[in-house]
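Source file: protein39.txt; contents: compact mmCIF, C-alpha atoms.
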```txt
# COMPACT_ATOMS: atom_id res chain seq x y z
CA MET A 1249 -10.79 -20.92 7.16
CA LYS A 1250 -11.63 -24.06 5.20
CA ASP A 1251 -11.21 -27.76 6.03
CA MET A 1252 -10.37 -29.57 2.76
CA THR A 1253 -10.36 -33.04 4.28
CA GLN A 1254 -14.12 -33.28 3.70
CA GLY A 1255 -16.60 -32.25 1.01
CA SER A 1256 -16.44 -31.87 -2.78
CA ILE A 1257 -12.90 -32.16 -4.17
CA SER A 1258 -13.54 -30.15 -7.34
CA GLY A 1259 -15.53 -27.62 -5.35
CA HIS A 1260 -12.67 -27.11 -2.90
CA LEU A 1261 -10.06 -26.77 -5.64
CA ILE A 1262 -12.09 -24.34 -7.73
CA SER A 1263 -13.42 -22.23 -4.85
CA PHE A 1264 -9.90 -22.00 -3.40
CA ALA A 1265 -8.20 -21.29 -6.74
CA ILE A 1266 -10.55 -18.55 -7.99
CA PRO A 1267 -9.69 -16.03 -5.24
CA LEU A 1268 -6.03 -16.94 -5.68
CA ILE A 1269 -6.28 -16.29 -9.40
CA LEU A 1270 -7.95 -12.93 -8.83
CA GLY A 1271 -5.44 -12.04 -6.12
CA ASN A 1272 -2.50 -12.95 -8.33
CA PHE A 1273 -3.96 -10.90 -11.17
CA PHE A 1274 -4.06 -7.90 -8.85
CA GLN A 1275 -0.51 -8.70 -7.70
CA LEU A 1276 0.68 -8.77 -11.28
CA THR A 1277 -0.84 -5.37 -11.94
CA TYR A 1278 1.92 -3.90 -9.74
CA ASN A 1279 4.51 -4.51 -12.45
CA ALA A 1280 2.15 -4.51 -15.43
CA VAL A 1281 0.74 -1.08 -14.61
CA ASP A 1282 4.29 0.18 -14.09
CA SER A 1283 5.22 -1.09 -17.56
CA MET A 1284 2.08 0.23 -19.26
CA ILE A 1285 2.36 3.70 -17.79
CA LEU A 1286 6.13 3.85 -18.31
CA GLY A 1287 5.72 2.74 -21.93
CA GLN A 1288 2.92 5.21 -22.64
CA PHE A 1289 4.16 8.26 -20.69
CA ALA A 1290 7.92 7.84 -20.11
CA GLY A 1291 9.02 6.24 -23.39
CA VAL A 1292 10.42 2.97 -24.67
CA ASP A 1293 13.75 3.42 -22.83
CA CYS A 1294 11.99 3.43 -19.45
CA LEU A 1295 9.90 0.42 -20.52
CA ALA A 1296 13.10 -1.39 -21.44
CA ALA A 1297 14.77 -0.36 -18.14
CA ALA A 1298 11.84 -1.80 -16.20
CA GLY A 1299 12.16 -4.97 -18.27
CA VAL A 1300 15.82 -5.29 -17.30
CA ALA A 1301 15.10 -4.60 -13.62
CA ASN A 1302 12.10 -6.90 -13.20
CA PRO A 1303 13.88 -10.29 -13.43
CA ILE A 1304 16.45 -9.16 -10.84
CA MET A 1305 13.72 -7.79 -8.56
CA ASN A 1306 11.64 -10.94 -9.00
CA ILE A 1307 14.51 -13.21 -7.97
CA MET A 1308 14.56 -11.53 -4.58
CA ILE A 1309 10.79 -11.26 -4.23
CA PHE A 1310 10.11 -14.84 -5.17
CA PHE A 1311 12.84 -16.16 -2.90
CA ILE A 1312 10.90 -14.46 -0.12
CA VAL A 1313 7.60 -15.80 -1.48
CA GLY A 1314 9.17 -19.26 -1.58
CA ILE A 1315 9.96 -19.07 2.13
CA SER A 1316 6.29 -18.31 2.82
CA TRP A 1317 5.05 -21.11 0.54
CA GLY A 1318 7.37 -23.66 2.16
CA ALA A 1319 6.17 -22.72 5.64
CA GLY A 1320 2.60 -22.82 4.32
CA VAL A 1321 2.93 -26.55 3.55
CA LEU A 1322 3.76 -27.25 7.21
CA ILE A 1323 0.99 -24.93 8.40
CA SER A 1324 -1.48 -26.81 6.17
CA GLU A 1325 -0.38 -30.13 7.65
CA PHE A 1326 -0.79 -28.86 11.22
CA TYR A 1327 -4.18 -27.39 10.35
CA GLY A 1328 -5.30 -30.66 8.73
CA ALA A 1329 -4.20 -32.51 11.87
CA LYS A 1330 -5.88 -29.83 14.06
CA ASP A 1331 -2.60 -29.20 15.91
CA PHE A 1332 -2.99 -25.46 16.57
CA ALA A 1333 -0.21 -25.23 19.15
CA ARG A 1334 2.43 -26.33 16.62
CA LEU A 1335 0.76 -24.18 13.96
CA LYS A 1336 1.45 -21.01 15.98
CA LYS A 1337 5.00 -22.14 16.72
CA GLU A 1338 5.56 -22.66 13.01
CA ILE A 1339 4.33 -19.13 12.25
CA SER A 1340 6.64 -17.66 14.93
CA THR A 1341 9.66 -19.62 13.72
CA THR A 1342 9.16 -18.63 10.08
CA LEU A 1343 8.64 -14.95 10.94
CA ALA A 1344 11.96 -14.87 12.77
CA ILE A 1345 13.90 -16.68 10.05
CA GLY A 1346 12.29 -14.66 7.25
CA PHE A 1347 12.85 -11.29 8.92
CA VAL A 1348 16.60 -11.85 9.34
CA PHE A 1349 16.99 -13.19 5.82
CA THR A 1350 14.99 -10.37 4.19
CA VAL A 1351 17.02 -7.64 5.90
CA PHE A 1352 20.24 -9.31 4.76
CA VAL A 1353 19.08 -9.73 1.15
CA SER A 1354 17.72 -6.17 0.94
CA THR A 1355 21.05 -4.73 2.08
CA VAL A 1356 23.18 -6.83 -0.28
CA CYS A 1357 20.98 -6.12 -3.30
CA PHE A 1358 20.86 -2.39 -2.60
CA VAL A 1359 24.67 -2.21 -2.51
CA PHE A 1360 25.33 -4.40 -5.55
CA ALA A 1361 22.51 -3.29 -7.89
CA VAL A 1362 24.86 -1.80 -10.52
CA PRO A 1363 27.32 -4.74 -10.68
CA ILE A 1364 24.38 -7.14 -11.06
CA LEU A 1365 23.05 -5.11 -13.99
CA HIS A 1366 26.47 -5.18 -15.66
CA LEU A 1367 26.62 -8.94 -15.07
CA VAL A 1368 23.50 -9.50 -17.19
CA ARG A 1369 24.89 -7.36 -20.02
CA THR A 1370 22.51 -4.44 -19.57
CA PRO A 1371 22.98 -1.67 -22.17
CA GLU A 1372 24.87 1.24 -20.62
CA GLU A 1373 22.06 3.74 -21.20
CA LEU A 1374 19.73 1.62 -19.05
CA ILE A 1375 22.06 1.12 -16.05
CA ALA A 1376 21.17 4.33 -14.18
CA PRO A 1377 17.35 4.14 -14.41
CA SER A 1378 17.30 0.38 -13.76
CA SER A 1379 19.56 0.58 -10.69
CA HIS A 1380 17.57 3.49 -9.26
CA TYR A 1381 14.33 1.55 -9.69
CA LEU A 1382 15.80 -1.57 -8.05
CA ARG A 1383 17.19 0.23 -5.02
CA ILE A 1384 13.85 1.80 -4.18
CA VAL A 1385 12.07 -1.56 -4.52
CA PHE A 1386 14.68 -3.32 -2.38
CA CYS A 1387 13.95 -0.85 0.43
CA GLY A 1388 10.41 -2.27 0.59
CA LEU A 1389 11.21 -6.00 0.68
CA LEU A 1390 10.23 -6.34 4.34
CA PHE A 1391 6.67 -5.33 3.44
CA THR A 1392 6.75 -8.03 0.75
CA PHE A 1393 7.87 -10.69 3.21
CA PHE A 1394 5.32 -9.92 5.93
CA TYR A 1395 2.44 -9.71 3.48
CA ASN A 1396 3.34 -13.00 1.81
CA MET A 1397 3.90 -14.77 5.12
CA PHE A 1398 0.50 -13.86 6.55
CA ALA A 1399 -1.24 -14.38 3.21
CA ALA A 1400 0.36 -17.84 2.94
CA THR A 1401 -0.80 -18.63 6.48
CA LEU A 1402 -4.40 -17.71 5.62
CA ARG A 1403 -4.28 -19.75 2.40
CA ALA A 1404 -2.73 -22.73 4.16
CA CYS A 1405 -5.79 -22.82 6.42
CA GLY A 1406 -8.19 -22.58 3.49
CA ASP A 1407 -8.80 -18.80 3.34
CA SER A 1408 -7.80 -17.63 -0.13
CA LYS A 1409 -10.31 -14.75 -0.17
CA THR A 1410 -8.88 -12.33 2.39
CA PRO A 1411 -5.48 -11.90 0.64
CA ILE A 1412 -7.26 -10.93 -2.59
CA VAL A 1413 -9.09 -8.08 -0.86
CA CYS A 1414 -5.81 -6.74 0.54
CA VAL A 1415 -4.07 -6.98 -2.84
CA ALA A 1416 -7.03 -5.54 -4.75
CA ILE A 1417 -7.06 -2.41 -2.60
CA SER A 1418 -3.31 -1.94 -2.85
CA ALA A 1419 -3.32 -2.60 -6.62
CA VAL A 1420 -5.87 0.16 -7.18
CA ILE A 1421 -3.78 2.52 -5.08
CA ASN A 1422 -0.68 1.44 -7.02
CA GLY A 1423 -2.34 2.32 -10.32
CA ILE A 1424 -3.45 5.73 -9.04
CA LEU A 1425 -0.01 6.52 -7.63
CA ASP A 1426 1.68 5.31 -10.83
CA PHE A 1427 -0.38 7.65 -12.94
CA ILE A 1428 0.13 10.61 -10.62
CA LEU A 1429 3.88 10.13 -10.16
CA VAL A 1430 4.80 9.07 -13.71
CA ALA A 1431 2.20 10.66 -16.01
CA VAL A 1432 1.45 13.85 -14.05
CA PHE A 1433 4.72 14.62 -12.23
CA SER A 1434 7.03 12.95 -14.79
CA LEU A 1435 9.07 11.11 -12.13
CA GLY A 1436 9.72 8.15 -14.45
CA MET A 1437 11.35 5.11 -12.82
CA THR A 1438 11.43 6.80 -9.41
CA GLY A 1439 7.67 7.30 -9.46
CA ALA A 1440 6.94 3.74 -10.60
CA ALA A 1441 9.16 2.21 -7.92
CA THR A 1442 7.76 4.45 -5.18
CA ALA A 1443 4.20 3.50 -6.13
CA THR A 1444 5.10 -0.20 -5.98
CA VAL A 1445 6.65 0.03 -2.50
CA ALA A 1446 3.75 2.10 -1.13
CA SER A 1447 1.26 -0.44 -2.48
CA GLN A 1448 3.14 -3.36 -0.93
CA ALA A 1449 3.14 -1.57 2.43
CA ILE A 1450 -0.64 -1.13 2.25
CA SER A 1451 -1.29 -4.80 1.39
CA CYS A 1452 1.02 -5.84 4.23
CA ILE A 1453 -0.77 -3.69 6.82
CA LEU A 1454 -4.22 -4.83 5.67
CA CYS A 1455 -3.36 -8.54 5.74
CA ILE A 1456 -1.71 -8.47 9.16
CA GLY A 1457 -4.55 -6.38 10.55
CA TRP A 1458 -7.14 -8.89 9.33
CA VAL A 1459 -5.33 -11.85 10.93
CA TYR A 1460 -5.08 -10.16 14.32
CA TRP A 1461 -8.66 -8.89 14.15
CA LYS A 1462 -10.51 -11.91 12.78
CA GLU A 1463 -8.33 -15.06 13.09
CA PRO A 1464 -7.21 -15.59 16.71
CA ASP A 1465 -6.03 -19.13 15.93
CA LEU A 1466 -3.43 -17.66 13.55
CA ALA A 1467 -2.56 -14.44 15.42
CA VAL A 1468 0.70 -14.85 17.35
CA ARG A 1469 0.64 -12.49 20.35
CA PRO A 1470 3.94 -11.26 21.87
CA ARG A 1471 3.57 -13.65 24.83
CA GLU A 1472 2.99 -16.55 22.39
CA PHE A 1473 5.99 -15.85 20.19
CA ARG A 1474 8.21 -18.91 20.39
CA ILE A 1475 11.00 -20.08 18.10
CA ASP A 1476 10.64 -23.86 18.24
CA THR A 1477 14.07 -25.43 17.65
CA SER A 1478 12.43 -28.72 16.69
CA LEU A 1479 10.72 -26.95 13.78
CA ILE A 1480 13.70 -24.91 12.56
CA GLY A 1481 15.25 -27.75 10.56
CA LYS A 1482 12.04 -28.73 8.80
CA THR A 1483 10.99 -25.12 8.24
CA VAL A 1484 14.36 -24.23 6.72
CA ASN A 1485 14.28 -27.40 4.61
CA TYR A 1486 10.79 -26.74 3.23
CA SER A 1487 11.27 -23.00 2.90
CA LEU A 1488 14.72 -23.21 1.37
CA ALA A 1489 13.60 -25.83 -1.14
CA THR A 1490 10.58 -23.78 -2.22
CA ALA A 1491 12.58 -20.55 -2.19
CA MET A 1492 15.32 -22.17 -4.25
CA GLN A 1493 12.70 -23.36 -6.71
CA GLN A 1494 11.36 -19.83 -7.11
CA THR A 1495 14.87 -18.39 -7.26
CA VAL A 1496 16.02 -20.89 -9.87
CA LEU A 1497 12.96 -19.95 -11.92
CA TYR A 1498 13.86 -16.27 -11.90
CA VAL A 1499 17.62 -16.78 -12.20
CA GLY A 1500 16.75 -18.68 -15.36
CA LYS A 1501 14.60 -15.77 -16.49
CA LEU A 1502 17.50 -13.44 -15.75
CA LEU A 1503 19.77 -15.58 -17.94
CA VAL A 1504 17.12 -15.49 -20.66
CA GLN A 1505 17.04 -11.70 -20.23
CA SER A 1506 20.81 -11.66 -20.77
CA ALA A 1507 20.21 -13.44 -24.10
CA VAL A 1508 17.64 -10.79 -25.06
CA ASN A 1509 19.63 -7.70 -23.98
CA PRO A 1510 22.15 -7.79 -26.89
CA LEU A 1511 19.22 -7.76 -29.36
CA GLY A 1512 18.59 -4.06 -28.66
CA VAL A 1513 16.10 -1.77 -26.93
CA ASN A 1514 13.11 -2.77 -29.08
CA ALA A 1515 13.66 -6.47 -28.37
CA ILE A 1516 14.06 -5.76 -24.63
CA ALA A 1517 10.84 -3.72 -24.59
CA THR A 1518 9.06 -6.49 -26.53
CA PHE A 1519 10.28 -9.16 -24.13
CA ASN A 1520 9.24 -7.06 -21.12
CA ALA A 1521 5.72 -6.64 -22.49
CA GLY A 1522 5.49 -10.26 -23.67
CA THR A 1523 6.57 -11.68 -20.33
CA LYS A 1524 4.04 -9.50 -18.51
CA ILE A 1525 1.31 -11.06 -20.66
CA ASP A 1526 2.83 -14.51 -20.08
CA ASP A 1527 2.78 -13.91 -16.33
CA PHE A 1528 -0.93 -13.14 -16.41
CA CYS A 1529 -1.47 -16.40 -18.32
CA TYR A 1530 0.70 -18.47 -15.95
CA GLN A 1531 -0.78 -17.17 -12.71
CA PRO A 1532 -4.06 -19.11 -12.87
CA GLN A 1533 -2.02 -22.26 -13.56
CA GLN A 1534 0.10 -21.53 -10.51
CA SER A 1535 -2.99 -20.72 -8.44
CA ILE A 1536 -4.57 -24.06 -9.30
CA GLY A 1537 -1.25 -25.67 -8.37
CA GLN A 1538 -1.31 -23.83 -5.03
CA ALA A 1539 -4.85 -25.08 -4.44
CA MET A 1540 -3.60 -28.60 -5.10
CA THR A 1541 -0.74 -28.01 -2.64
CA THR A 1542 -3.06 -26.92 0.18
CA PHE A 1543 -5.57 -29.68 -0.60
CA THR A 1544 -2.86 -32.36 -0.70
CA ALA A 1545 -1.08 -31.10 2.43
CA GLN A 1546 -4.27 -30.99 4.52
CA ASN A 1547 -5.25 -34.49 3.45
CA HIS A 1548 -1.68 -35.71 3.92
CA GLY A 1549 -1.87 -34.44 7.49
CA ALA A 1550 -5.22 -36.25 7.86
CA LYS A 1551 -3.67 -39.39 6.23
CA ASN A 1552 -6.37 -39.59 3.54
CA THR A 1553 -4.59 -41.20 0.57
CA ARG A 1554 -7.67 -41.82 -1.56
CA ARG A 1555 -8.69 -38.18 -1.36
CA MET A 1556 -5.16 -37.06 -2.26
CA ARG A 1557 -5.17 -39.28 -5.37
CA ASN A 1558 -8.59 -38.07 -6.48
CA GLY A 1559 -7.53 -34.48 -5.90
CA LEU A 1560 -4.52 -35.01 -8.16
CA TRP A 1561 -6.66 -36.15 -11.11
CA ARG A 1562 -9.26 -33.41 -10.64
CA GLY A 1563 -6.57 -30.76 -10.37
CA LEU A 1564 -4.74 -31.90 -13.52
CA ALA A 1565 -8.01 -31.92 -15.46
CA ILE A 1566 -8.74 -28.32 -14.41
CA GLU A 1567 -5.18 -27.30 -15.36
CA ALA A 1568 -5.49 -28.88 -18.83
CA VAL A 1569 -8.79 -27.16 -19.63
CA TYR A 1570 -7.37 -23.80 -18.58
CA GLY A 1571 -4.13 -24.29 -20.56
CA ILE A 1572 -6.07 -24.89 -23.78
CA LEU A 1573 -8.48 -21.98 -23.27
CA ILE A 1574 -5.82 -19.40 -22.39
CA GLY A 1575 -3.74 -20.39 -25.40
CA LEU A 1576 -6.71 -19.79 -27.67
CA ALA A 1577 -7.49 -16.44 -26.01
CA VAL A 1578 -3.92 -15.12 -26.40
CA PHE A 1579 -3.78 -16.33 -30.02
CA LEU A 1580 -6.89 -14.31 -30.86
CA THR A 1581 -5.99 -11.13 -28.95
CA ARG A 1582 -2.21 -10.90 -29.24
CA ALA A 1583 -2.20 -7.63 -31.23
CA PRO A 1584 -4.38 -5.57 -28.84
CA LEU A 1585 -2.54 -7.09 -25.87
CA MET A 1586 0.79 -5.80 -27.16
CA SER A 1587 -0.74 -2.39 -27.90
CA LEU A 1588 -1.43 -1.98 -24.17
CA PHE A 1589 2.31 -1.81 -23.55
CA ALA A 1590 3.65 -0.09 -26.67
CA GLY A 1591 2.13 3.04 -28.14
CA LYS A 1592 1.30 3.43 -31.84
CA GLU A 1593 4.63 5.16 -32.34
CA ASN A 1594 6.39 1.82 -31.67
CA PRO A 1595 5.00 -0.48 -34.42
CA GLU A 1596 8.15 -2.64 -34.42
CA VAL A 1597 7.63 -3.56 -30.77
CA ILE A 1598 4.00 -4.49 -31.46
CA GLU A 1599 4.94 -6.63 -34.46
CA LEU A 1600 7.71 -8.44 -32.60
CA GLY A 1601 5.35 -9.04 -29.69
CA LYS A 1602 2.62 -10.50 -31.93
CA ASN A 1603 5.06 -13.08 -33.28
CA TYR A 1604 6.34 -13.94 -29.80
CA LEU A 1605 2.82 -14.42 -28.41
CA LEU A 1606 1.77 -16.54 -31.39
CA ILE A 1607 4.39 -19.12 -30.43
CA MET A 1608 3.71 -18.89 -26.69
CA ALA A 1609 -0.04 -19.38 -27.19
CA CYS A 1610 0.67 -22.84 -28.61
CA LEU A 1611 2.70 -23.84 -25.54
CA TYR A 1612 0.55 -22.86 -22.51
CA LEU A 1613 -0.80 -26.39 -21.97
CA MET A 1614 2.68 -27.60 -20.94
CA PRO A 1615 3.22 -25.27 -17.95
CA ALA A 1616 -0.41 -25.87 -16.92
CA LEU A 1617 0.29 -29.57 -16.44
CA THR A 1618 3.68 -29.06 -14.79
CA ASN A 1619 2.20 -26.58 -12.30
CA GLY A 1620 -0.39 -29.19 -11.29
CA ILE A 1621 2.26 -31.87 -10.84
CA GLN A 1622 4.45 -29.55 -8.80
CA GLY A 1623 1.52 -28.47 -6.62
CA PHE A 1624 0.85 -32.11 -5.79
CA PHE A 1625 4.45 -32.89 -4.84
CA ARG A 1626 4.74 -29.69 -2.76
CA GLY A 1627 1.68 -30.76 -0.80
CA LEU A 1628 3.37 -34.08 -0.04
CA GLY A 1629 6.43 -32.21 1.21
CA ASN A 1630 8.55 -33.72 -1.58
CA MET A 1631 10.41 -30.54 -2.42
CA SER A 1632 13.42 -32.17 -4.07
CA ILE A 1633 11.38 -33.11 -7.14
CA THR A 1634 9.96 -29.60 -7.56
CA VAL A 1635 13.36 -27.94 -7.15
CA ALA A 1636 15.08 -30.35 -9.53
CA SER A 1637 12.39 -30.12 -12.20
CA THR A 1638 12.32 -26.31 -12.07
CA SER A 1639 16.13 -26.25 -12.27
CA ILE A 1640 16.06 -28.54 -15.32
CA GLN A 1641 13.37 -26.44 -16.99
CA MET A 1642 15.13 -23.12 -16.47
CA THR A 1643 18.60 -24.46 -17.29
CA GLY A 1644 17.26 -25.86 -20.54
CA ARG A 1645 15.31 -22.71 -21.29
CA ALA A 1646 18.30 -20.42 -20.65
CA ALA A 1647 20.68 -22.61 -22.65
CA PHE A 1648 18.33 -22.84 -25.62
CA ALA A 1649 17.67 -19.08 -25.44
CA LEU A 1650 21.37 -18.28 -25.61
CA ILE A 1651 21.65 -20.56 -28.65
CA LEU A 1652 18.44 -19.62 -30.47
CA ALA A 1653 18.06 -15.87 -29.72
CA PRO A 1654 21.04 -14.78 -31.89
CA LYS A 1655 19.59 -16.76 -34.81
CA PHE A 1656 15.81 -16.27 -34.44
CA GLY A 1657 15.64 -13.11 -32.31
CA ILE A 1658 12.76 -12.83 -29.85
CA ASN A 1659 11.07 -15.87 -31.44
CA GLY A 1660 14.06 -17.96 -30.41
CA VAL A 1661 13.31 -17.10 -26.77
CA ALA A 1662 9.76 -18.45 -27.20
CA TYR A 1663 11.07 -21.66 -28.77
CA ALA A 1664 13.43 -22.02 -25.80
CA CYS A 1665 10.45 -21.84 -23.40
CA GLY A 1666 8.80 -24.81 -25.07
CA LEU A 1667 11.99 -26.86 -25.04
CA GLY A 1668 12.55 -26.07 -21.35
CA TRP A 1669 9.04 -27.22 -20.42
CA LEU A 1670 9.54 -30.41 -22.44
CA CYS A 1671 12.69 -31.19 -20.42
CA MET A 1672 10.74 -30.56 -17.22
CA MET A 1673 7.96 -32.97 -18.13
CA ILE A 1674 10.40 -35.69 -19.14
CA TYR A 1675 11.86 -35.48 -15.62
CA GLU A 1676 8.62 -35.12 -13.62
CA VAL A 1677 6.27 -37.64 -15.23
CA PRO A 1678 8.15 -40.82 -14.18
CA PHE A 1679 8.07 -39.67 -10.53
CA LEU A 1680 4.36 -38.96 -10.84
CA ILE A 1681 3.63 -42.40 -12.30
CA ARG A 1682 5.63 -44.05 -9.52
CA LYS A 1683 3.72 -42.13 -6.83
CA ILE A 1684 0.33 -42.95 -8.38
CA LEU A 1685 1.21 -46.66 -8.48
CA LYS A 1686 2.28 -46.48 -4.82
CA MET A 1687 -1.00 -44.82 -3.78
CA ASN A 1688 -2.99 -47.39 -5.76
CA ALA A 1689 -1.16 -50.19 -3.96
CA GLU A 1690 -1.88 -48.61 -0.56
CA LEU A 1691 -5.60 -48.43 -1.34
CA LYS A 1692 -6.00 -52.08 -2.38
```
Conversion result in structure tokens:
Amino acid sequence: MKDMTQGSISGHLISFAIPLILGNFFQLTYNAVDSMILGQFAGVDCLAAAGVANPIMNIMIFFIVGISWGAGVLISEFYGAKDFARLKKEISTTLAIGFVFTVFVSTVCFVFAVPILHLVRTPEELIAPSSHYLRIVFCGLLFTFFYNMFAATLRACGDSKTPIVCVAISAVINGILDFILVAVFSLGMTGAATATVASQAISCILCIGWVYWKEPDLAVRPREFRIDTSLIGKTVNYSLATAMQQTVLYVGKLLVQSAVNPLGVNAIATFNAGTKIDDFCYQPQQSIGQAMTTFTAQNHGAKNTRRMRNGLWRGLAIEAVYGILIGLAVFLTRAPLMSLFAGKENPEVIELGKNYLLIMACLYLMPALTNGIQGFFRGLGNMSITVASTSIQMTGRAAFALILAPKFGINGVAYACGLGWLCMMIYEVPFLIRKILKMNAELK
């Protein structure tokens, strides 16, 4: 575990973010490997079906992740204040709330998978494989919750390295299982979904095992399990706000997907591959934002305003440098990147993807900065700003996509991304300026 209330600010942010970045890259390989292997060995229809299913799946997964992140802010505060008794109560309370919610969501989504797919205007030929894929994944959501809860607890206390080891091992197993089940046994969507659930189960078991073996301050024993009613309100507030933020993000993506679906199978396959590449580019931005959240929350608990302000500037500088570099990298490698997802027999998908990524490469600086701003406000516990700004961004993005996609095709979806981020920054920046001025006044 790591105390961020002392020592080098940049060192803490970078050393915390790097394992997060690596861990998130491994996490992303769950879906990316599915898409690559499906595209190469099961055909473009399966690649498109996975593209349709992923936004729906991600809404549920990231609602669960949001619960963990919200609880992680409180855990960071208690850790910064060295209040370990309340820290364990917070873990117990969140585990109970999250378990009940995850079981409920899994059941509802399993039953209504097909109507949801019809709601987003999924082509009829993709309904069966997409719904089958979703139902298998929904059966493994409890593994997703428990892994993310214990991983968030470790990160909240400064340990961002252990979760990466758990995810790395499970990601390798996922890739092996994907190849065996899809390429060797030709199980298609069933094989890809089964590999994903098995991998999540492994990462869950490894992470929980580490906490109970190596971190007694975080391990809640049966006799210590207490649901603290005084923490329920705040936990639900933080968790719901962060979960809603993540859900709004992926509901928006689902609406964008509904704008892409009428463009045909090639456009859907292109968008699936393009968004996988986008996700790899966004994850380091989000990881730096998470580092800023933990740093800010620990120092907020320690009441160190000057260190919080300095951490904000250092974090935004790191985000900006990354946003510029990743845009350049994608611009230069967009053709080979698309070829990873679409075989040579699908030149139209590759060409559409190259045009999409050309536009996106010019825009990556914007989400880099907004992720830093959101990480700072999450660390302060000011969830209303993060939820509202994400809602504005995704509402704008979805609306512009529905308008621009029929006219400009897949390029219109990329233009919509930029316009959505612009709306987000217009909303966020005034709040940031106001908070900076307030911190400056406190330090005089």
Residues near region 1259-1264 of chain A, cut-off 6 Å, only C-alpha atoms, skip fewer than 3 positions along chain, as number ranges by chain:
A: 1256, 1408, 1539
Record the distance separating CA of Gly1559 (chain A) and CA of Phe1624 (chain A), expressed in Å with one decimal.
8.7 Å
Ser1587 (chain A): which residues within 10 Å, counting all atoms listed in the file, same-chain residues fewer than 6 positions away excluded, as a PDB file with C-alpha atoms, in the frame of the given file?
```
ATOM      1  CA  MET A1284       2.080   0.230 -19.260  1.00  0.00           C
ATOM      2  CA  GLN A1288       2.920   5.210 -22.640  1.00  0.00           C
ATOM      3  CA  ALA A1521       5.720  -6.640 -22.490  1.00  0.00           C
ATOM      4  CA  ASN A1594       6.390   1.820 -31.670  1.00  0.00           C
ATOM      5  CA  PRO A1595       5.000  -0.480 -34.420  1.00  0.00           C
ATOM      6  CA  VAL A1597       7.630  -3.560 -30.770  1.00  0.00           C
ATOM      7  CA  ILE A1598       4.000  -4.490 -31.460  1.00  0.00           C
ATOM      8  CA  GLU A1599       4.940  -6.630 -34.460  1.00  0.00           C
ATOM      9  CA  GLY A1601       5.350  -9.040 -29.690  1.00  0.00           C
ATOM     10  CA  LYS A1602       2.620 -10.500 -31.930  1.00  0.00           C
TER      11      LYS A1602
END
```
Residues near Ala1583 (chain A), cut-off 12 Å, all atoms listed in the file, skip fewer than 2 positions along chain, as a list in words:
Ala1521, Gly1522, Ile1525, Ala1577, Val1578, Phe1579, Leu1580, Thr1581, Leu1585, Met1586, Ser1587, Leu1588, Phe1589, Ala1590, Gly1591, Lys1592, Pro1595, Glu1596, Val1597, Ile1598, Glu1599, Leu1600, Gly1601, Lys1602, Asn1603, Tyr1604, Leu1605 and Leu1606 of chain A
Which residues are near Phe1519 (chain A)? Cut-off 9 Å, only C-alpha atoms, ignore same chain within fewer than 4 positions. Put them as a list of chain:residue names.
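Surrounding residues, per the criterion: A:Ala1296, A:Gly1299, A:Gln1505, A:Val1508, A:Asn1514, A:Ala1515, A:Thr1523, A:Lys1524, A:Leu1600, A:Gly1601, A:Tyr1604, A:Ile1658, A:Val1661.
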Using the selection just defined, write its residues with C-alpha atoms as a PDB file, keeping the file's coordinate frame.
```
ATOM      1  CA  ALA A1296      13.100  -1.390 -21.440  1.00  0.00           C
ATOM      2  CA  GLY A1299      12.160  -4.970 -18.270  1.00  0.00           C
ATOM      3  CA  GLN A1505      17.040 -11.700 -20.230  1.00  0.00           C
ATOM      4  CA  VAL A1508      17.640 -10.790 -25.060  1.00  0.00           C
ATOM      5  CA  ASN A1514      13.110  -2.770 -29.080  1.00  0.00           C
ATOM      6  CA  ALA A1515      13.660  -6.470 -28.370  1.00  0.00           C
ATOM      7  CA  THR A1523       6.570 -11.680 -20.330  1.00  0.00           C
ATOM      8  CA  LYS A1524       4.040  -9.500 -18.510  1.00  0.00           C
ATOM      9  CA  LEU A1600       7.710  -8.440 -32.600  1.00  0.00           C
ATOM     10  CA  GLY A1601       5.350  -9.040 -29.690  1.00  0.00           C
ATOM     11  CA  TYR A1604       6.340 -13.940 -29.800  1.00  0.00           C
ATOM     12  CA  ILE A1658      12.760 -12.830 -29.850  1.00  0.00           C
ATOM     13  CA  VAL A1661      13.310 -17.100 -26.770  1.00  0.00           C
TER      14      VAL A1661
END
```
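You will find CA of Ala1404 (chain A) at 21.7 Å from CA of Thr1477 (chain A).
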Counting only C-alpha atoms, which of A:Phe1326, A:Phe1289, A:Tyr1381, A:Trp1561 gets nearest to Val1445 (chain A)?
A:Tyr1381
Grab the CA of Val1362 (chain A) to CA of Leu1295 (chain A) distance for me, in Å with one decimal place.
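Rounded to one decimal, the two atoms are 18.1 Å apart.
Of the listed residues (A:Met1608, A:Arg1554, A:Gly1457, A:Ile1574), A:Arg1554 comes nearest to Lys1692 (chain A); the distances count all atoms listed in the file.
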Between A:Cys1610, A:Ala1507, A:Ala1298, A:Glu1472, which has the minimum distance to Lys1655 (chain A) (counting only C-alpha atoms)?
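Result for the nearest residue to Lys1655 (chain A): A:Ala1507.
The residue that comes closest to Asp1282 (chain A), out of A:Ile1307, A:Ala1297, A:Val1351, A:Ala1441 and on the basis of only C-alpha atoms, is A:Ala1441.
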Which residues are close to Arg1474 (chain A), i.e. within 8 Å by only C-alpha atoms, leaving aside same-chain residues fewer than 2 positions away? Reply as a PyMOL selection string.
chain A and resi 1337+1340-1341+1472+1476
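Those DNA, RNA and protein residues that approach the point (-5.4, -18.0, 5.8) to within 10 Å, considering all atoms listed in the file, are Met1249, Lys1250, Gly1320, Ile1323, Ser1324, Met1397, Phe1398, Ala1399, Ala1400, Thr1401, Leu1402, Arg1403, Ala1404, Cys1405, Gly1406, Asp1407, Ser1408, Lys1409, Thr1410, Pro1411, Cys1455, Trp1458, Val1459, Glu1463 and Leu1466 of chain A.
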